[in-house]
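Participant: Enclosed is the structure file input-v4.txt (compact mmCIF, C-alpha atoms).
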# COMPACT_ATOMS: atom_id res chain seq x y z
CA MET Z 1 23.53 50.09 4.98
CA ALA Z 2 21.20 47.62 3.36
CA GLY Z 3 22.14 44.61 5.43
CA PRO Z 4 19.85 42.97 7.98
CA ILE Z 5 22.16 43.75 10.91
CA PRO Z 6 21.62 47.28 12.21
CA ILE Z 7 24.72 49.44 12.64
CA LEU Z 8 24.23 52.52 14.82
CA LYS Z 9 26.55 55.41 15.60
CA ILE Z 10 26.92 56.42 19.24
CA GLY Z 11 29.37 59.32 19.49
CA PRO Z 12 32.65 58.15 17.94
CA THR Z 13 31.64 54.50 18.20
CA LEU Z 14 29.72 52.25 15.84
CA LEU Z 15 27.49 49.66 17.44
CA ALA Z 16 26.45 46.57 15.50
CA THR Z 17 24.00 44.26 17.23
CA ILE Z 18 23.61 40.82 15.78
CA GLN Z 19 20.11 39.68 16.60
CA LEU Z 20 19.34 36.91 14.20
CA GLU Z 21 20.37 33.44 13.27
CA LEU Z 22 23.28 34.00 10.94
CA HIS Z 23 23.31 32.73 7.39
CA ASP Z 24 26.71 32.71 5.73
CA THR Z 25 25.58 35.29 3.20
CA VAL Z 26 24.43 37.60 6.01
CA VAL Z 27 27.81 37.12 7.68
CA ASP Z 28 29.60 38.08 4.47
CA SER Z 29 27.49 41.18 3.83
CA PHE Z 30 27.81 42.25 7.47
CA GLN Z 31 31.58 42.42 7.09
CA THR Z 32 31.45 44.74 4.08
CA ASP Z 33 28.60 46.81 5.60
CA VAL Z 34 30.62 47.44 8.77
CA LEU Z 35 33.77 48.44 6.89
CA GLU Z 36 31.83 50.79 4.62
CA GLU Z 37 30.14 52.34 7.62
CA ILE Z 38 33.51 52.91 9.31
CA GLU Z 39 34.74 54.73 6.24
CA LYS Z 40 31.56 56.79 5.95
CA THR Z 41 31.37 57.83 9.60
CA GLY Z 42 35.05 57.93 10.53
CA ALA Z 43 34.22 56.04 13.71
CA SER Z 44 37.18 55.44 16.01
CA GLY Z 45 35.62 52.43 17.68
CA LEU Z 46 33.44 49.48 16.75
CA ILE Z 47 31.41 47.37 19.13
CA ILE Z 48 29.87 44.11 17.94
CA ASP Z 49 27.21 42.82 20.32
CA ILE Z 50 26.77 39.07 20.00
CA SER Z 51 24.76 38.51 23.18
CA ALA Z 52 21.79 37.22 21.17
CA LEU Z 53 23.85 34.54 19.42
CA GLU Z 54 23.26 31.05 20.79
CA THR Z 55 25.66 29.50 18.31
CA VAL Z 56 28.95 30.82 17.00
CA ASP Z 57 30.56 28.28 14.73
CA SER Z 58 34.08 28.47 13.32
CA TYR Z 59 32.89 30.34 10.24
CA VAL Z 60 31.17 33.09 12.21
CA ALA Z 61 34.03 33.24 14.74
CA ARG Z 62 36.55 33.71 11.97
CA MET Z 63 34.38 36.35 10.29
CA LEU Z 64 34.14 38.30 13.56
CA ALA Z 65 37.88 38.08 14.15
CA ASN Z 66 38.63 39.06 10.55
CA THR Z 67 36.23 42.01 10.69
CA ALA Z 68 38.03 43.26 13.80
CA LYS Z 69 41.40 42.88 12.06
CA MET Z 70 40.16 44.73 8.96
CA ALA Z 71 38.72 47.53 11.08
CA LYS Z 72 42.05 47.73 12.91
CA LEU Z 73 43.88 48.16 9.61
CA MET Z 74 41.55 51.08 8.87
CA GLY Z 75 42.37 52.57 12.28
CA THR Z 76 39.30 51.50 14.22
CA GLU Z 77 39.43 49.41 17.39
CA THR Z 78 36.85 46.65 17.83
CA VAL Z 79 35.37 45.22 21.00
CA ILE Z 80 33.19 42.11 20.80
CA VAL Z 81 30.71 42.13 23.66
CA GLY Z 82 28.26 39.78 25.29
CA MET Z 83 29.59 36.39 24.30
CA ARG Z 84 27.50 33.79 26.11
CA PRO Z 85 29.26 31.31 28.42
CA GLU Z 86 28.25 28.32 26.32
CA VAL Z 87 29.54 30.02 23.18
CA ALA Z 88 32.89 30.77 24.83
CA ALA Z 89 33.13 27.19 26.10
CA THR Z 90 32.32 25.75 22.68
CA LEU Z 91 34.87 27.90 20.83
CA VAL Z 92 37.66 27.01 23.25
CA ARG Z 93 36.82 23.30 23.10
CA MET Z 94 37.05 23.49 19.33
CA GLY Z 95 40.48 25.05 19.72
CA TYR Z 96 39.56 28.58 18.72
CA PHE Z 97 40.69 31.25 21.16
CA MET Z 98 39.91 34.48 19.25
CA GLU Z 99 43.47 35.59 19.87
CA GLY Z 100 44.17 39.28 19.51
CA ILE Z 101 40.48 40.13 19.78
CA THR Z 102 39.29 42.44 22.52
CA THR Z 103 36.15 41.30 24.27
CA ALA Z 104 33.98 42.63 27.08
CA LEU Z 105 31.25 41.07 29.18
CA SER Z 106 28.56 43.58 28.34
CA LEU Z 107 27.71 46.48 26.09
CA GLU Z 108 28.26 48.90 29.01
CA GLU Z 109 31.76 47.55 29.57
CA GLY Z 110 32.47 47.66 25.86
CA LEU Z 111 31.45 51.31 25.66
CA GLN Z 112 33.59 52.11 28.69
CA LEU Z 113 36.56 50.36 27.11
CA GLN Z 114 36.11 52.36 23.90
CA ARG Z 115 35.92 55.62 25.91
CA GLN Z 116 39.14 54.77 27.75
CA ARG Z 117 40.81 53.98 24.46
CA SER Z 118 39.78 57.24 22.82
CA ASP Z 119 40.79 59.23 25.96
CA ALA Z 120 44.18 57.55 25.93
CA GLY Z 121 44.46 58.29 22.22
CA ASP Z 122 43.71 62.01 22.85
CA THR Z 123 46.52 62.43 25.38
CA GLU Z 124 49.14 60.60 23.40
CA MET N 1 7.51 20.73 15.46
CA ILE N 2 8.82 18.31 18.05
CA SER N 3 6.08 16.58 19.94
CA PRO N 4 6.77 15.35 23.44
CA SER N 5 6.80 11.60 23.38
CA GLY N 6 5.28 9.62 26.20
CA ASN N 7 6.93 6.43 25.16
CA ALA N 8 10.10 7.69 23.51
CA GLN N 9 12.08 4.58 24.36
CA ASP N 10 10.21 2.62 21.69
CA SER N 11 9.98 5.34 19.12
CA THR N 12 12.55 6.14 16.54
CA GLN N 13 12.07 9.81 15.95
CA THR N 14 14.02 11.07 13.01
CA TRP N 15 13.89 14.33 11.15
CA GLU N 16 15.35 14.45 7.68
CA ILE N 17 16.63 17.65 6.14
CA ARG N 18 17.93 17.91 2.61
CA ILE N 19 20.97 20.08 2.19
CA ASP N 20 21.16 21.76 -1.19
CA LYS N 21 21.44 25.45 -0.37
CA GLU N 22 23.30 27.55 2.14
CA ALA N 23 20.18 28.23 4.21
CA ASP N 24 19.89 24.50 4.92
CA ILE N 25 22.91 24.79 7.23
CA VAL N 26 20.72 26.99 9.41
CA ALA N 27 17.80 24.54 9.10
CA VAL N 28 19.93 21.63 10.36
CA ARG N 29 21.33 23.76 13.15
CA GLN N 30 17.85 24.85 14.24
CA GLN N 31 16.46 21.32 14.20
CA VAL N 32 19.33 20.05 16.34
CA ARG N 33 19.04 22.97 18.74
CA GLU N 34 15.28 22.57 19.10
CA LEU N 35 15.57 18.85 19.78
CA ALA N 36 18.40 19.22 22.31
CA LYS N 37 16.42 21.90 24.14
CA GLU N 38 13.29 19.78 24.03
CA LEU N 39 15.23 16.93 25.64
CA ARG N 40 16.47 19.39 28.26
CA PHE N 41 20.15 19.22 27.49
CA ASP N 42 22.04 21.90 29.43
CA GLN N 43 22.95 25.11 27.60
CA PHE N 44 26.60 24.06 27.13
CA ALA N 45 25.59 20.78 25.54
CA VAL N 46 23.02 22.54 23.33
CA ALA N 47 25.68 24.97 22.09
CA ALA N 48 28.23 22.21 21.52
CA LEU N 49 25.79 20.04 19.59
CA THR N 50 24.39 22.93 17.56
CA THR N 51 27.87 24.13 16.66
CA ALA N 52 28.91 20.61 15.64
CA ALA N 53 25.79 20.41 13.44
CA SER N 54 26.69 23.72 11.87
CA GLU N 55 30.28 22.70 11.12
CA LEU N 56 29.29 19.36 9.60
CA SER N 57 26.41 20.62 7.49
CA ARG N 58 28.61 23.42 6.20
CA ASN N 59 31.14 20.76 5.17
CA VAL N 60 28.42 19.06 3.13
CA TRP N 61 27.33 22.32 1.51
CA VAL N 62 30.85 23.59 0.76
CA HIS N 63 32.40 20.31 -0.41
CA ALA N 64 29.49 18.29 -1.83
CA GLN N 65 26.84 20.99 -2.53
CA LYS N 66 24.15 18.54 -1.51
CA GLY N 67 23.44 15.81 0.95
CA VAL N 68 21.06 14.67 3.64
CA ALA N 69 21.01 15.33 7.37
CA ARG N 70 19.12 13.04 9.73
CA VAL N 71 18.52 14.16 13.29
CA SER N 72 17.37 11.47 15.72
CA VAL N 73 16.62 10.81 19.34
CA VAL N 74 18.70 7.83 20.49
CA TRP N 75 18.67 5.78 23.67
CA ASN N 76 21.32 3.85 25.55
CA GLY N 77 19.53 2.19 28.43
CA ARG N 78 17.97 5.11 30.24
CA LYS N 79 20.33 7.64 28.73
CA VAL N 80 18.93 9.82 26.00
CA GLY N 81 20.97 11.39 23.26
CA VAL N 82 20.84 13.24 19.98
CA GLU N 83 22.29 11.70 16.87
CA LEU N 84 23.10 13.57 13.70
CA GLU N 85 23.97 11.74 10.52
CA LEU N 86 25.19 13.53 7.41
CA VAL N 87 25.55 11.75 4.12
CA ASP N 88 26.79 13.18 0.85
CA GLN N 89 28.00 11.91 -2.49
CA GLY N 90 30.64 14.59 -2.74
CA PRO N 91 34.37 14.33 -3.45
CA GLY N 92 35.13 12.54 -0.19
CA ILE N 93 38.23 13.01 1.92
CA ALA N 94 41.47 11.58 0.57
CA ASN N 95 43.43 11.80 3.79
CA LEU N 96 41.04 11.26 6.68
CA GLU N 97 43.80 11.04 9.25
CA ARG N 98 45.15 14.41 8.28
CA ALA N 99 41.68 15.97 8.17
CA LEU N 100 40.95 14.67 11.66
CA ALA N 101 44.28 15.84 13.05
CA GLY N 102 43.20 19.45 12.53
CA GLY N 103 45.07 22.52 11.42
CA PHE N 104 44.19 21.44 7.92
CA SER N 105 41.79 23.32 5.74
CA THR N 106 40.96 23.20 2.09
CA SER N 107 38.37 25.95 2.02
CA LYS N 108 36.28 28.34 4.06
CA SER N 109 36.84 27.08 7.57
CA LEU N 110 39.33 27.50 10.36
CA GLY N 111 41.00 24.22 9.62
CA LEU N 112 39.45 23.12 12.88
CA GLY N 113 36.35 21.69 11.26
CA LEU N 114 36.51 17.95 11.85
CA SER N 115 38.99 17.88 14.72
CA GLY N 116 37.19 20.70 16.51
CA THR N 117 33.79 19.11 15.94
CA LYS N 118 35.03 15.82 17.31
CA ARG N 119 35.87 17.48 20.60
CA LEU N 120 32.31 18.80 20.97
CA VAL N 121 30.52 15.46 20.95
CA ASP N 122 30.67 12.08 22.73
CA GLU N 123 30.77 9.90 19.64
CA PHE N 124 32.13 10.67 16.21
CA HIS N 125 32.19 8.26 13.29
CA ILE N 126 33.32 9.08 9.80
CA GLU N 127 33.53 7.07 6.62
CA SER N 128 34.78 8.58 3.41
CA GLU N 129 35.87 7.37 0.06
CA PRO N 130 37.46 9.71 -2.48
CA GLY N 131 35.08 10.22 -5.37
CA ARG N 132 32.20 8.46 -3.60
CA GLY N 133 31.24 10.66 -0.68
CA THR N 134 31.30 11.02 3.07
CA LYS N 135 29.15 9.85 5.93
CA VAL N 136 29.50 11.32 9.40
CA VAL N 137 27.57 10.26 12.48
CA ILE N 138 27.83 12.12 15.77
CA ARG N 139 26.10 11.50 19.08
CA LYS N 140 25.88 13.46 22.26
CA TRP N 141 24.37 12.03 25.42
CA LYS N 142 22.48 14.03 27.94
CA LYS N 143 24.31 14.37 31.25
CA GLU N 144 22.31 13.29 34.26
CA PHE N 145 22.95 15.27 37.40
Could you spell out this file's structure in structure tokens?

Facilitator:
Amino acid sequence: MAGPIPILKIGPTLLATIQLELHDTVVDSFQTDVLEEIEKTGASGLIIDISALETVDSYVARMLANTAKMAKLMGTETVIVGMRPEVAATLVRMGYFMEGITTALSLEEGLQLQRQRSDAGDTE
Amino acid sequence: MISPSGNAQDSTQTWEIRIDKEADIVAVRQQVRELAKELRFDQFAVAALTTAASELSRNVWVHAQKGVARVSVVWNGRKVGVELELVDQGPGIANLERALAGGFSTSKSLGLGLSGTKRLVDEFHIESEPGRGTKVVIRKWKKEF
């Protein structure tokens, strides 16, 4: 995990917190770092915290959505948490709705969602 | 970096940023964000303007590899705004109408680039000639409450 975005494991969930202004190259390496970490840890859930991001342009939005789709293919559910109101407003005005992506208001809610998911998975 | 101007109405404050590497996209974005915040745009307008700056400077980097961004304070009567001009000598856009209609992408974007950006700002001007380059000017005015 050499990338500049820390990825932590909390129980069965990986937590990636994006805290810096994103360069495209950082965005690209983040995607591969996360997928490698999922394989290594066998995490059942992934939470990406974007509450520090003041700007999410179409490139970053697509990367986030694609990362979630790739994780899903591997068997890991993603929740994107903490999107700021102005970021949500900007993405929708641009015509990008992050369809098929699970989001939550806060990290706490994201963790709760992941717990519910893994509980539901256990009883199935 | 941005000094408060007592007599901004008369001044033409412009910051010029050369785009010739990927990190310059971030530089343009930061300059626009800083200026919009300095002028006390609301958070939604700051995000819209910064995102538009990001989309357009990425276009320059991806399609032309180099160009120039000029960020300015503009006035319309008592209304203040931010203007961003991007000029490149890249391949240009053969079918502007199609590019502006959206859902059309030639490379690493959502295909929402120009059409999406247009919806984020108050004014959007584009000139492009295949083989010669592209010039885009956007403006966003501060809302007075």

Participant: Record the distance separating atom CA of Z:Ile38 and atom CA of Z:Gly82, expressed in Å with one decimal.

Facilitator: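 If I compute the distance from atom CA of Z:Ile38 to atom CA of Z:Gly82, I get 21.3 Å.
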
Participant: For stretch 20-33 of chain Z, please output as a PyMOL selection string all residues within 12 Å (counting all atoms listed in the file; exclusion window: fewer than 3 positions along the same chain).

Facilitator: (chain Z and resi 1-8+14+16-17+36-40+48-71) or (chain N and resi 21-30+33+54-55+58+61-62+108-109)

Participant: Report the distance between atom CA of Z:Pro12 and atom CA of Z:Glu109 in Å, rounded to one decimal place.

Facilitator: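 Straight-line distance from atom CA of Z:Pro12 to atom CA of Z:Glu109 works out to 15.8 Å.
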
Participant: What lies within 7 Å of stretch 88-103 of chain N using all atoms listed in the file, ignoring chain neighbours under 4 positions off, as a list in words?

Facilitator: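 Listed by chain and then number, they are Val60, His63, Ala64, Lys66, Gly67, Val68, Gly111, Leu112, Leu114, Ser115, Ser128, Glu129, Pro130, Gly131, Arg132, Gly133, Thr134 and Lys135 of chain N.
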
Participant: What does the distance between atom CA of Z:Leu113 and atom CA of Z:Val79 come to in Å, to one decimal place?

Facilitator: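 Going from atom CA of Z:Leu113 over to atom CA of Z:Val79 covers 8.1 Å.
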
Participant: Let me make sure I understand: among N:Leu120, N:Phe41, N:Asp20, N:Ala52, which one has the smallest atom-to-atom distance to N:Lys79 if we use all atoms listed in the file?

Facilitator: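 So, comparing all the options, the nearest one is N:Phe41.
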
Participant: For chain Z, which of N:Lys118, N:Glu127, N:Val87, N:Arg40 is the closest residue, counting all atoms listed in the file?

Facilitator: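 Checking each of N:Lys118, N:Glu127, N:Val87, N:Arg40 against chain Z, counting all atoms listed in the file, the winner is N:Lys118.
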
Participant: Select, as an NGL selection string, those residues of chain N with any atom no more than 6 Å from chain Z (distances computed using only C-alpha atoms).

Facilitator: :N and (44 or 47-48 or 51 or 109 or 116)

Participant: Filtering to C-alpha atoms, could you give me those residues as a PDB file, in the frame of the given file?

Facilitator:
ATOM      1  CA  PHE N  44      26.600  24.060  27.130  1.00  0.00           C
ATOM      2  CA  ALA N  47      25.680  24.970  22.090  1.00  0.00           C
ATOM      3  CA  ALA N  48      28.230  22.210  21.520  1.00  0.00           C
ATOM      4  CA  THR N  51      27.870  24.130  16.660  1.00  0.00           C
ATOM      5  CA  SER N 109      36.840  27.080   7.570  1.00  0.00           C
ATOM      6  CA  GLY N 116      37.190  20.700  16.510  1.00  0.00           C
TER       7      GLY N 116
END

Participant: Nearest to N:Val46: which of N:Trp75, N:Val137, N:Leu86, N:Val121 is it, counting all atoms listed in the file?

Facilitator: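 Nearest candidate to N:Val46 out of N:Trp75, N:Val137, N:Leu86, N:Val121: N:Val121.
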
Participant: Hey, what's within 12 Å of Z:Gln112 if we count all atoms listed in the file and toss same-chain stuff fewer than 5 positions away? As a PDB file with C-alpha atoms, keeping the file's coordinate frame, please?

Facilitator:
ATOM      1  CA  THR Z  13      31.640  54.500  18.200  1.00  0.00           C
ATOM      2  CA  GLY Z  45      35.620  52.430  17.680  1.00  0.00           C
ATOM      3  CA  ILE Z  47      31.410  47.370  19.130  1.00  0.00           C
ATOM      4  CA  VAL Z  79      35.370  45.220  21.000  1.00  0.00           C
ATOM      5  CA  VAL Z  81      30.710  42.130  23.660  1.00  0.00           C
ATOM      6  CA  THR Z 103      36.150  41.300  24.270  1.00  0.00           C
ATOM      7  CA  ALA Z 104      33.980  42.630  27.080  1.00  0.00           C
ATOM      8  CA  LEU Z 105      31.250  41.070  29.180  1.00  0.00           C
ATOM      9  CA  SER Z 106      28.560  43.580  28.340  1.00  0.00           C
ATOM     10  CA  LEU Z 107      27.710  46.480  26.090  1.00  0.00           C
ATOM     11  CA  ARG Z 117      40.810  53.980  24.460  1.00  0.00           C
ATOM     12  CA  SER Z 118      39.780  57.240  22.820  1.00  0.00           C
ATOM     13  CA  ASP Z 119      40.790  59.230  25.960  1.00  0.00           C
TER      14      ASP Z 119
END

Participant: Using all atoms listed in the file, which residue out of N:Ile17, N:Glu85, N:Leu35, N:Lys143 lies closest to N:Leu56?

Facilitator: N:Glu85

Participant: From the list N:Lys140, N:Arg78, N:Arg70, N:His125, which residue is nearest N:Ile19 when using only C-alpha atoms?

Facilitator: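 Between N:Lys140, N:Arg78, N:Arg70, N:His125, the residue approaching N:Ile19 most closely is N:Arg70.
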